[in-house]
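The structure file protein_6.tsv is reproduced below (TSV, C-alpha atoms).
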chain	number	residue	atom	x	y	z
L	1	MET	CA	155.28	108.24	99.87
L	2	ALA	CA	155.33	112.03	100.06
L	3	HIS	CA	158.36	113.89	101.33
L	4	ILE	CA	159.29	117.52	102.02
L	5	GLN	CA	162.19	119.26	100.35
L	6	LYS	CA	163.59	122.56	101.68
L	7	ARG	CA	164.41	125.00	98.89
L	8	THR	CA	166.25	128.30	99.41
L	9	THR	CA	166.31	131.06	96.80
L	10	GLY	CA	168.29	134.02	98.08
L	11	LYS	CA	166.61	134.96	101.37
L	12	THR	CA	163.38	133.10	100.51
L	13	VAL	CA	162.81	129.66	101.97
L	14	ALA	CA	160.14	127.32	100.61
L	15	TYR	CA	159.08	123.84	101.68
L	16	VAL	CA	158.10	121.70	98.73
L	17	VAL	CA	155.92	118.63	99.23
L	18	ARG	CA	156.75	116.08	96.55
L	19	TRP	CA	154.81	112.90	95.81
L	20	THR	CA	153.87	110.47	93.07
L	21	ASP	CA	150.13	110.16	92.48
L	22	PRO	CA	148.33	106.81	91.90
L	23	ALA	CA	148.73	107.30	88.12
L	24	GLY	CA	152.52	107.48	88.51
L	25	VAL	CA	152.77	111.22	87.83
L	26	GLU	CA	155.27	113.17	89.97
L	27	ARG	CA	153.70	116.23	91.61
L	28	SER	CA	154.66	119.00	94.00
L	29	GLU	CA	153.17	121.81	96.09
L	30	SER	CA	155.10	124.67	97.76
L	31	PHE	CA	154.55	126.23	101.22
L	32	SER	CA	156.24	129.05	103.07
L	33	LYS	CA	156.21	127.15	106.40
L	34	ARG	CA	157.07	123.61	107.31
L	35	GLY	CA	154.75	123.64	110.34
L	36	ARG	CA	153.17	120.52	111.86
L	37	TYR	CA	150.66	117.91	110.69
L	38	ASP	CA	147.91	119.61	112.73
L	39	ILE	CA	148.52	123.16	111.45
L	40	PRO	CA	146.60	123.85	108.21
L	41	GLY	CA	148.39	125.76	105.47
L	42	THR	CA	151.79	124.22	106.21
L	43	ALA	CA	153.86	121.64	104.35
L	44	GLU	CA	153.59	119.00	107.11
L	45	HIS	CA	149.81	119.35	107.27
L	46	TYR	CA	149.49	119.02	103.48
L	47	LYS	CA	151.79	116.01	103.44
L	48	HIS	CA	149.81	114.31	106.21
L	49	GLN	CA	146.47	114.96	104.47
L	50	LEU	CA	147.90	113.78	101.18
L	51	GLN	CA	149.25	110.50	102.52
L	52	THR	CA	145.98	109.81	104.35
L	53	LYS	CA	143.92	110.31	101.18
L	54	ILE	CA	146.22	108.09	99.12
L	55	ALA	CA	146.08	105.36	101.78
L	56	GLN	CA	142.27	105.55	101.95
L	57	GLY	CA	141.89	105.52	98.16
L	58	ILE	CA	140.19	108.94	98.05
L	59	TYR	CA	143.00	110.92	96.46
L	60	VAL	CA	142.00	113.38	93.73
L	61	ASP	CA	144.14	115.35	91.34
L	62	PRO	CA	144.62	118.81	92.95
L	63	ASP	CA	145.03	120.44	89.51
L	64	LEU	CA	141.61	119.22	88.38
L	65	ALA	CA	140.03	120.41	91.63
L	66	ARG	CA	141.26	123.96	90.87
L	67	VAL	CA	139.15	124.18	87.71
L	68	PRO	CA	136.30	126.72	88.09
L	69	LEU	CA	132.83	125.19	88.37
L	70	LYS	CA	131.72	127.05	85.22
L	71	VAL	CA	134.17	125.01	83.12
L	72	GLU	CA	132.59	121.72	84.20
L	73	VAL	CA	129.08	123.15	83.76
L	74	ASP	CA	129.90	124.25	80.20
L	75	LYS	CA	131.03	120.70	79.38
L	76	TRP	CA	127.73	119.40	80.78
L	77	VAL	CA	125.77	121.89	78.66
L	78	GLU	CA	127.44	120.66	75.47
L	79	ARG	CA	126.59	117.03	76.27
L	80	ALA	CA	122.83	117.75	76.08
L	81	HIS	CA	121.07	115.66	73.44
L	82	THR	CA	118.15	118.00	72.70
L	83	GLN	CA	117.84	121.74	72.25
L	84	GLY	CA	115.36	122.03	75.10
L	85	THR	CA	117.72	120.31	77.51
L	86	ARG	CA	120.63	122.42	76.29
L	87	ASP	CA	118.64	125.63	76.83
L	88	ALA	CA	117.69	124.57	80.38
L	89	ARG	CA	121.34	123.82	81.18
L	90	ARG	CA	122.49	127.14	79.70
L	91	ASN	CA	119.99	128.94	81.89
L	92	PHE	CA	121.43	127.08	84.88
L	93	ALA	CA	124.94	128.23	83.87
L	94	LYS	CA	123.71	131.84	83.94
L	95	ASN	CA	122.41	131.35	87.49
L	96	LEU	CA	125.66	130.14	89.09
L	97	GLY	CA	126.50	133.55	90.55
L	98	LEU	CA	129.66	133.49	92.67
L	99	LEU	CA	129.90	129.71	92.30
L	100	ALA	CA	130.82	130.10	88.63
L	101	ALA	CA	134.42	131.20	89.33
L	102	THR	CA	134.86	129.04	92.46
L	103	PRO	CA	137.34	126.15	92.04
L	104	ILE	CA	135.21	123.03	92.02
L	105	GLY	CA	137.29	121.44	94.77
L	106	GLU	CA	136.71	124.40	97.09
L	107	ILE	CA	132.90	124.42	96.97
L	108	ARG	CA	131.53	123.84	100.46
L	109	PRO	CA	127.97	123.10	101.63
L	110	SER	CA	127.82	126.61	103.12
L	111	ASP	CA	128.62	128.08	99.68
L	112	ILE	CA	125.73	126.15	98.18
L	113	ARG	CA	123.36	127.33	100.93
L	114	ASP	CA	124.40	130.95	100.28
L	115	TRP	CA	123.80	130.40	96.55
L	116	LEU	CA	120.31	129.01	97.20
L	117	ASP	CA	119.53	132.04	99.38
L	118	HIS	CA	120.46	134.32	96.48
L	119	LEU	CA	118.23	132.37	94.09
L	120	THR	CA	115.30	132.50	96.53
L	121	ARG	CA	115.61	136.06	97.85
L	122	GLY	CA	117.17	137.87	94.92
L	123	ARG	CA	120.10	137.28	92.56
L	124	SER	CA	122.66	140.05	92.94
L	125	TRP	CA	123.99	139.20	89.45
L	126	HIS	CA	120.50	139.54	87.92
L	127	GLY	CA	119.05	142.77	89.25
L	128	ASP	CA	118.12	141.19	92.62
L	129	ARG	CA	115.38	139.20	90.89
L	130	ALA	CA	114.38	136.02	92.71
L	131	LEU	CA	113.40	132.68	91.17
L	132	GLY	CA	110.27	130.66	91.91
L	133	GLU	CA	110.44	127.73	94.31
L	134	ASN	CA	110.20	125.09	91.59
L	135	THR	CA	112.90	126.77	89.53
L	136	VAL	CA	115.21	126.99	92.56
L	137	ALA	CA	114.67	123.28	93.20
L	138	LEU	CA	115.55	122.52	89.57
L	139	GLN	CA	118.75	124.61	89.75
L	140	PHE	CA	119.81	122.67	92.86
L	141	GLN	CA	119.09	119.40	91.05
L	142	PHE	CA	121.31	120.52	88.16
L	143	LEU	CA	124.15	121.48	90.51
L	144	THR	CA	123.88	118.11	92.26
L	145	THR	CA	124.17	116.36	88.90
L	146	VAL	CA	127.26	118.32	87.81
L	147	LEU	CA	129.04	117.69	91.12
L	148	LYS	CA	128.10	113.99	90.99
L	149	ILE	CA	129.77	113.77	87.59
L	150	ALA	CA	132.85	115.40	89.14
L	151	VAL	CA	132.87	112.70	91.84
L	152	ASP	CA	132.54	109.97	89.20
L	153	ASP	CA	135.47	111.50	87.29
L	154	SER	CA	137.60	111.57	90.49
L	155	ILE	CA	137.71	115.36	90.50
L	156	LEU	CA	135.93	115.40	93.88
L	157	VAL	CA	135.97	112.95	96.76
L	158	SER	CA	132.34	113.60	97.70
L	159	ASN	CA	129.39	115.70	96.57
L	160	PRO	CA	128.88	118.74	98.87
L	161	CYS	CA	125.21	118.90	97.79
L	162	LYS	CA	124.58	115.79	99.89
L	163	LYS	CA	125.03	117.88	103.03
L	164	VAL	CA	122.54	120.52	101.88
L	165	LYS	CA	118.79	120.14	102.34
L	166	ALA	CA	117.15	120.07	98.92
L	167	PRO	CA	114.74	122.99	98.30
L	168	PRO	CA	111.06	121.98	98.37
L	169	ARG	CA	109.05	121.63	95.18
L	170	PRO	CA	105.57	122.74	96.27
L	171	ASP	CA	103.99	122.10	92.89
L	172	THR	CA	105.23	118.52	92.61
L	173	ALA	CA	102.18	116.86	94.13
L	174	LYS	CA	98.83	118.13	92.87
L	175	ALA	CA	96.07	118.22	95.47
L	176	SER	CA	92.46	118.08	94.31
L	177	SER	CA	92.04	121.75	95.25
L	178	GLN	CA	94.84	122.64	92.80
L	179	LEU	CA	93.09	121.03	89.83
L	180	LEU	CA	90.79	122.74	87.38
L	181	THR	CA	87.15	121.69	87.47
L	182	ILE	CA	85.30	120.70	84.30
L	183	ASP	CA	83.23	123.87	84.58
L	184	GLN	CA	86.39	125.98	84.73
L	185	VAL	CA	87.80	124.21	81.66
L	186	TRP	CA	84.66	124.93	79.64
L	187	SER	CA	84.60	128.50	80.88
L	188	LEU	CA	88.18	129.00	79.66
L	189	ILE	CA	87.31	127.59	76.24
L	190	GLU	CA	84.19	129.73	75.92
L	191	ASN	CA	86.04	132.93	76.84
L	192	THR	CA	88.51	132.90	73.99
L	193	ASN	CA	88.56	132.65	70.17
L	194	ARG	CA	88.03	129.50	68.08
L	195	GLN	CA	91.72	128.62	67.62
L	196	THR	CA	92.73	129.14	71.24
L	197	GLY	CA	89.61	127.25	72.31
L	198	CYS	CA	90.70	124.28	70.15
L	199	MET	CA	94.18	124.41	71.69
L	200	LEU	CA	92.75	124.48	75.22
L	201	LEU	CA	90.33	121.62	74.51
L	202	LEU	CA	93.10	119.60	72.86
L	203	THR	CA	95.31	119.98	75.93
L	204	ALA	CA	92.53	119.14	78.38
L	205	GLN	CA	91.52	115.99	76.45
L	206	THR	CA	94.98	114.67	75.50
L	207	GLY	CA	97.38	116.00	78.15
L	208	LEU	CA	99.88	117.34	75.62
L	209	ARG	CA	102.57	119.70	76.88
L	210	PRO	CA	102.16	123.31	75.68
L	211	SER	CA	105.23	122.98	73.43
L	212	GLU	CA	103.78	119.77	71.95
L	213	VAL	CA	100.49	121.52	71.17
L	214	ALA	CA	102.43	124.32	69.48
L	215	GLY	CA	104.49	121.85	67.42
L	216	LEU	CA	101.59	119.62	66.33
L	217	ARG	CA	101.24	119.28	62.54
L	218	VAL	CA	98.19	118.44	60.44
L	219	CYS	CA	99.76	115.09	59.48
L	220	ASP	CA	100.22	114.18	63.16
L	221	VAL	CA	96.44	113.95	63.61
L	222	ASP	CA	94.93	110.68	62.38
L	223	PHE	CA	91.30	111.75	61.96
L	224	LEU	CA	90.23	108.37	60.55
L	225	HIS	CA	91.43	106.30	63.51
L	226	ARG	CA	91.08	109.15	66.03
L	227	ARG	CA	94.68	109.22	67.18
L	228	ILE	CA	97.35	111.87	67.69
L	229	HIS	CA	101.01	111.05	67.05
L	230	VAL	CA	103.22	113.20	69.26
L	231	VAL	CA	106.58	113.34	67.45
L	232	GLN	CA	107.91	116.88	67.83
L	233	GLN	CA	107.57	120.13	69.75
L	234	ALA	CA	107.86	123.83	69.02
L	235	ASN	CA	111.38	125.20	69.20
L	236	HIS	CA	111.42	128.59	70.88
L	237	ASP	CA	115.01	129.47	69.95
L	238	LEU	CA	114.71	132.05	67.16
L	239	ASN	CA	118.09	130.99	65.77
L	240	LYS	CA	116.97	127.37	65.37
L	241	PRO	CA	114.43	125.54	63.16
L	242	PRO	CA	110.79	126.12	64.23
L	243	THR	CA	110.37	122.57	65.59
L	244	SER	CA	112.68	120.19	67.44
L	245	ARG	CA	112.91	116.72	68.95
L	246	LEU	CA	110.90	115.84	72.03
L	247	LYS	CA	112.30	115.94	75.56
L	248	THR	CA	112.80	112.18	75.98
L	249	ARG	CA	112.29	108.92	74.11
L	250	THR	CA	109.06	108.28	76.03
L	251	SER	CA	107.70	111.69	75.02
L	252	LYS	CA	107.18	110.25	71.52
L	253	ARG	CA	103.79	108.58	71.82
L	254	THR	CA	100.34	107.99	70.33
L	255	ILE	CA	97.29	109.30	72.18
L	256	PRO	CA	93.60	108.50	71.58
L	257	LEU	CA	91.70	111.48	70.19
L	258	PRO	CA	88.35	112.07	71.96
L	259	ARG	CA	85.33	112.75	69.76
L	260	GLU	CA	84.87	116.32	70.99
L	261	THR	CA	88.43	117.35	70.14
L	262	HIS	CA	88.23	115.43	66.85
L	263	ASP	CA	85.17	117.42	65.81
L	264	ALA	CA	86.61	120.75	67.02
L	265	LEU	CA	89.84	120.23	65.04
L	266	SER	CA	87.95	119.11	61.93
L	267	SER	CA	85.78	122.21	62.08
L	268	PHE	CA	88.80	124.45	62.69
L	269	LEU	CA	90.64	123.08	59.64
L	270	THR	CA	87.70	123.91	57.38
L	271	ARG	CA	88.19	127.58	58.26
L	272	VAL	CA	91.96	127.89	57.75
L	273	THR	CA	94.43	127.04	55.01
L	274	ARG	CA	96.92	124.39	56.07
L	275	GLU	CA	99.12	121.96	54.14
L	276	ARG	CA	99.68	118.42	55.40
L	277	ASP	CA	103.08	119.22	56.94
L	278	ASP	CA	102.07	122.59	58.37
L	279	VAL	CA	101.67	123.10	62.10
L	280	LEU	CA	98.02	123.17	63.10
L	281	PHE	CA	98.04	126.39	65.08
L	282	ARG	CA	99.60	129.74	64.25
L	283	THR	CA	99.51	133.18	65.83
L	284	LYS	CA	97.71	136.05	64.11
L	285	PHE	CA	101.10	136.97	62.63
L	286	GLY	CA	101.51	133.52	61.09
L	287	ASN	CA	104.19	132.35	63.52
L	288	ILE	CA	104.40	129.16	65.53
L	289	TRP	CA	103.10	129.60	69.06
L	290	CYS	CA	105.61	129.77	71.89
L	291	VAL	CA	105.01	128.82	75.51
L	292	GLY	CA	105.22	132.45	76.60
L	293	SER	CA	102.50	133.57	74.19
L	294	MET	CA	100.32	130.62	75.18
L	295	ALA	CA	100.72	131.63	78.82
L	296	ASP	CA	99.60	135.17	77.96
L	297	VAL	CA	96.40	134.08	76.19
L	298	PHE	CA	95.64	131.64	79.03
L	299	ARG	CA	95.91	134.43	81.61
L	300	TYR	CA	93.65	136.62	79.50
L	301	ALA	CA	91.04	133.86	79.16
L	302	ALA	CA	91.33	132.97	82.86
L	303	LYS	CA	90.65	136.56	83.85
L	304	LYS	CA	87.54	136.71	81.66
L	305	ALA	CA	86.39	133.29	82.91
L	306	ASP	CA	87.00	134.20	86.55
L	307	VAL	CA	89.45	131.29	86.92
L	308	PRO	CA	91.98	131.78	89.79
L	309	ALA	CA	95.29	133.29	88.70
L	310	HIS	CA	97.44	130.44	90.05
L	311	PHE	CA	96.26	128.16	87.23
L	312	SER	CA	98.28	127.99	84.00
L	313	TRP	CA	98.15	126.25	80.63
L	314	HIS	CA	100.01	123.33	82.22
L	315	SER	CA	97.07	122.94	84.64
L	316	LEU	CA	95.07	121.48	81.74
L	317	ARG	CA	97.62	118.65	81.55
L	318	HIS	CA	97.08	117.97	85.25
L	319	PHE	CA	93.32	118.03	84.63
L	320	TYR	CA	93.72	115.34	81.97
L	321	ALA	CA	95.84	113.14	84.25
L	322	SER	CA	93.38	113.46	87.13
L	323	ALA	CA	90.50	112.51	84.82
L	324	LEU	CA	92.30	109.33	83.75
L	325	ILE	CA	93.02	108.41	87.35
L	326	GLU	CA	89.44	109.05	88.42
L	327	LYS	CA	88.27	106.60	85.74
L	328	GLY	CA	90.62	103.86	86.96
L	329	ALA	CA	93.62	104.24	84.65
L	330	SER	CA	96.80	102.51	85.87
L	331	VAL	CA	100.09	104.23	86.64
L	332	ARG	CA	101.58	102.81	83.43
L	333	THR	CA	98.69	104.12	81.35
L	334	VAL	CA	98.92	107.63	82.80
L	335	GLN	CA	102.70	107.60	82.36
L	336	ALA	CA	102.36	106.57	78.70
L	337	ARG	CA	99.69	109.17	77.92
L	338	LEU	CA	101.66	112.00	79.54
L	339	GLY	CA	105.00	110.90	78.08
L	340	HIS	CA	106.76	110.75	81.45
L	341	ALA	CA	110.23	109.20	81.35
L	342	THR	CA	109.50	106.85	84.28
L	343	PRO	CA	106.50	105.77	86.41
L	344	ASP	CA	108.28	107.40	89.37
L	345	ILE	CA	107.63	110.84	87.90
L	346	THR	CA	103.93	110.04	87.48
L	347	LEU	CA	103.67	108.73	91.03
L	348	ARG	CA	105.53	111.69	92.51
L	349	VAL	CA	102.99	114.10	91.06
L	350	TYR	CA	99.74	112.12	91.17
L	351	THR	CA	100.02	109.23	93.64
L	352	HIS	CA	97.64	110.84	96.15
L	353	LEU	CA	94.90	111.04	93.49
L	354	TRP	CA	94.60	107.27	93.07
L	355	PRO	CA	91.69	105.94	95.16
L	356	ASP	CA	92.35	104.19	98.47
L	357	ASN	CA	92.29	100.41	98.00
L	358	ASP	CA	91.92	99.47	101.67
L	359	THR	CA	88.47	97.94	101.13
L	360	HIS	CA	89.71	95.79	98.22
L	361	THR	CA	92.74	94.51	100.14
L	362	LEU	CA	90.68	93.69	103.21
L	363	ASP	CA	88.13	91.78	101.13
L	364	ALA	CA	90.93	89.84	99.43
L	365	ILE	CA	92.54	88.72	102.70
L	366	ASP	CA	89.18	88.01	104.35
L	367	GLY	CA	88.24	85.86	101.38
L	368	ILE	CA	91.44	83.80	101.51
L	369	PHE	CA	91.08	83.00	105.20
L	370	ALA	CA	87.29	82.58	105.15
L	371	HIS	CA	87.33	78.77	104.74
L	372	ARG	CA	89.23	78.30	108.04
L	373	THR	CA	87.28	80.81	110.09
L	374	GLY	CA	83.87	80.08	108.61
Could you rewrite the structure in this file as structure tokens?
Amino acid sequence: MAHIQKRTTGKTVAYVVRWTDPAGVERSESFSKRGRYDIPGTAEHYKHQLQTKIAQGIYVDPDLARVPLKVEVDKWVERAHTQGTRDARRNFAKNLGLLAATPIGEIRPSDIRDWLDHLTRGRSWHGDRALGENTVALQFQFLTTVLKIAVDDSILVSNPCKKVKAPPRPDTAKASSQLLTIDQVWSLIENTNRQTGCMLLLTAQTGLRPSEVAGLRVCDVDFLHRRIHVVQQANHDLNKPPTSRLKTRTSKRTIPLPRETHDALSSFLTRVTRERDDVLFRTKFGNIWCVGSMADVFRYAAKKADVPAHFSWHSLRHFYASALIEKGASVRTVQARLGHATPDITLRVYTHLWPDNDTHTLDAIDGIFAHRTG
């Protein structure tokens, strides 16, 4: 049990709350006033709160709760298994703002709401530049994860993110009106050069991520059996090797190679010099493509093709998924082709594109009961 010890040093009086934590470690906390159990900031109040938490089994080490959030985030960054994940987490660490120096145990839901406002309306620590809605939602997801780990490690009693409404992700579900048409895809391809046209066609007919297109090697394309083996992606960190591991285990996959893309790649390779282990596509300076440069050439082609500006290179991946769904592909098939970690991700983005099966279900039930009602 906790107790209070009065300590006098000259004319200064302090009230020290002493207790032994569940691990058997003796601890103490000093206050200038003894106060009462219902007066915050006093020894009696601290003692009462302390004993209640110990009795309820929700006691946490007060020293650990004083650690700044940035310290726990940095640990989380270092636990990343791939360079891409590590880069995303580092970017999150740069967007903590005032939360970075806040003791993790003192973060309140209101602090998180203020932080989200800064991300949405303008980051004071980054020239008042705001982030896009999807990026804000991702930053909130990262914060939720870090604080959940703190709860699991008994640094926090509960996760304050649970009391904050998650920011919307408007681009999660893709409506039909947000998908490229086949005419728009061909117009994009026709309004650019041969190499970029091959890259666009490859994405539209295989659903590869932009970084996977950039990291594709000659040896990854099985021209004989018309298959593509997705095993790596471009690494956009200039201080790292040019290619790196894929995002997840399920990102490593084999995709059928349509005849049109097969022929376009074969023709392209007759006009360039590539070794077996070379990447297929290079910029005019001989470098591996990066997502930023791919976005630039897409915008240029889109402008020439009169394709709306809200489309991006990633829209070709959505086009591919919607084409599979339209032709009756299952959730598992679409997940496998896109390299999604779980079917839940596939459903979250594309569930509304699968055709309504009301007619089939009605026919099935009618058929079962027909022999009694007929």
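You will find CA of Tyr350 in chain L at 11.8 Å from CA of Leu338 in chain L.
Ranking L:Val272, L:Ser315, L:Ser110, L:Ile104 by their shortest atom-to-atom distance to Thr203 in chain L, with all atoms listed in the file included, puts L:Ser315 first.
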Any idea what's packed within 12 Å of Val307 in chain L, counting all atoms listed in the file, ignoring anything in its chain fewer than 6 positions away? Could you give it as a CSV table (one decimal) with C-alpha atoms, keeping the file's coordinate frame?
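Output contents, as saved in selection11.csv:
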chain,number,residue,atom,x,y,z
L,178,GLN,CA,94.8,122.6,92.8
L,179,LEU,CA,93.1,121.0,89.8
L,180,LEU,CA,90.8,122.7,87.4
L,181,THR,CA,87.2,121.7,87.5
L,182,ILE,CA,85.3,120.7,84.3
L,183,ASP,CA,83.2,123.9,84.6
L,184,GLN,CA,86.4,126.0,84.7
L,185,VAL,CA,87.8,124.2,81.7
L,186,TRP,CA,84.7,124.9,79.6
L,187,SER,CA,84.6,128.5,80.9
L,188,LEU,CA,88.2,129.0,79.7
L,189,ILE,CA,87.3,127.6,76.2
L,191,ASN,CA,86.0,132.9,76.8
L,298,PHE,CA,95.6,131.6,79.0
L,299,ARG,CA,95.9,134.4,81.6
L,300,TYR,CA,93.6,136.6,79.5
L,301,ALA,CA,91.0,133.9,79.2
L,313,TRP,CA,98.2,126.2,80.6
L,315,SER,CA,97.1,122.9,84.6
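Reported to one decimal place, the separation of CA of Lys70 in chain L from CA of Ser30 in chain L is 26.6 Å.
Note that the spacing between CA of Asp61 in chain L and CA of Lys94 in chain L amounts to 27.3 Å.
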Close residues, range 139-153 of chain L itself excluded, 9 Å, all atoms listed in the file, min 2 positions apart in chain, as a PDB file with C-alpha atoms, in the coordinates of the input:
ATOM      1  CA  LEU L  69     132.830 125.190  88.370  1.00  0.00           C
ATOM      2  CA  GLU L  72     132.590 121.720  84.200  1.00  0.00           C
ATOM      3  CA  VAL L  73     129.080 123.150  83.760  1.00  0.00           C
ATOM      4  CA  TRP L  76     127.730 119.400  80.780  1.00  0.00           C
ATOM      5  CA  ARG L  89     121.340 123.820  81.180  1.00  0.00           C
ATOM      6  CA  PHE L  92     121.430 127.080  84.880  1.00  0.00           C
ATOM      7  CA  ASN L  95     122.410 131.350  87.490  1.00  0.00           C
ATOM      8  CA  LEU L  96     125.660 130.140  89.090  1.00  0.00           C
ATOM      9  CA  ILE L 104     135.210 123.030  92.020  1.00  0.00           C
ATOM     10  CA  ILE L 112     125.730 126.150  98.180  1.00  0.00           C
ATOM     11  CA  LEU L 116     120.310 129.010  97.200  1.00  0.00           C
ATOM     12  CA  LEU L 119     118.230 132.370  94.090  1.00  0.00           C
ATOM     13  CA  ASN L 134     110.200 125.090  91.590  1.00  0.00           C
ATOM     14  CA  THR L 135     112.900 126.770  89.530  1.00  0.00           C
ATOM     15  CA  VAL L 136     115.210 126.990  92.560  1.00  0.00           C
ATOM     16  CA  ALA L 137     114.670 123.280  93.200  1.00  0.00           C
ATOM     17  CA  ILE L 155     137.710 115.360  90.500  1.00  0.00           C
ATOM     18  CA  LEU L 156     135.930 115.400  93.880  1.00  0.00           C
ATOM     19  CA  VAL L 157     135.970 112.950  96.760  1.00  0.00           C
ATOM     20  CA  SER L 158     132.340 113.600  97.700  1.00  0.00           C
ATOM     21  CA  ASN L 159     129.390 115.700  96.570  1.00  0.00           C
ATOM     22  CA  PRO L 160     128.880 118.740  98.870  1.00  0.00           C
ATOM     23  CA  CYS L 161     125.210 118.900  97.790  1.00  0.00           C
ATOM     24  CA  LYS L 162     124.580 115.790  99.890  1.00  0.00           C
ATOM     25  CA  ALA L 166     117.150 120.070  98.920  1.00  0.00           C
ATOM     26  CA  PRO L 167     114.740 122.990  98.300  1.00  0.00           C
TER      27      PRO L 167
END
Could you give me, as a Markdown table, every range 172-231 of chain L residue with an atom at most 7 Å from range 238-261 of chain L, plus its closest atom pair and distance in Å to one decimal, counting only C-alpha atoms, rows ordered by chain then number?
| residue | atom | partner | partner_atom | distance |
| --- | --- | --- | --- | --- |
| L:Leu201 | CA | L:Thr261 | CA | 6.4 |
| L:Leu202 | CA | L:Thr261 | CA | 5.9 |
| L:Gln205 | CA | L:Pro258 | CA | 6.8 |
| L:Thr206 | CA | L:Ile255 | CA | 6.7 |
| L:Gly215 | CA | L:Thr243 | CA | 6.2 |
| L:Arg226 | CA | L:Leu257 | CA | 4.8 |
| L:Arg227 | CA | L:Pro256 | CA | 4.6 |
| L:Ile228 | CA | L:Ile255 | CA | 5.2 |
| L:His229 | CA | L:Thr254 | CA | 4.5 |
| L:Val230 | CA | L:Arg253 | CA | 5.3 |
| L:Val231 | CA | L:Lys252 | CA | 5.1 |
For the selection you just gave me, I'd like the residues written to a file as an mmCIF file, in the coordinates of the input, keeping C-alpha atoms.
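Written output follows (selection36.cif):
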data_model
loop_
_atom_site.group_PDB
_atom_site.id
_atom_site.type_symbol
_atom_site.label_atom_id
_atom_site.label_comp_id
_atom_site.auth_asym_id
_atom_site.auth_seq_id
_atom_site.Cartn_x
_atom_site.Cartn_y
_atom_site.Cartn_z
ATOM 1 C CA LEU L 201 90.330 121.620 74.510
ATOM 2 C CA LEU L 202 93.100 119.600 72.860
ATOM 3 C CA GLN L 205 91.520 115.990 76.450
ATOM 4 C CA THR L 206 94.980 114.670 75.500
ATOM 5 C CA GLY L 215 104.490 121.850 67.420
ATOM 6 C CA ARG L 226 91.080 109.150 66.030
ATOM 7 C CA ARG L 227 94.680 109.220 67.180
ATOM 8 C CA ILE L 228 97.350 111.870 67.690
ATOM 9 C CA HIS L 229 101.010 111.050 67.050
ATOM 10 C CA VAL L 230 103.220 113.200 69.260
ATOM 11 C CA VAL L 231 106.580 113.340 67.450
#
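Among the candidate residues L:Ala204, L:Leu138, L:Ala302, L:Cys198, the one lying nearest to Arg169 in chain L is L:Leu138, with distances computed using all atoms listed in the file.
Non-sequential neighbours of Ile288 in chain L (distance at most 8 Å, separation of 2 or more positions within a chain, all atoms listed in the file) are Ala214, Gly215, Ala234, Pro242, Val279, Phe281, Arg282, Thr283, Gly286 and Cys290 of chain L.
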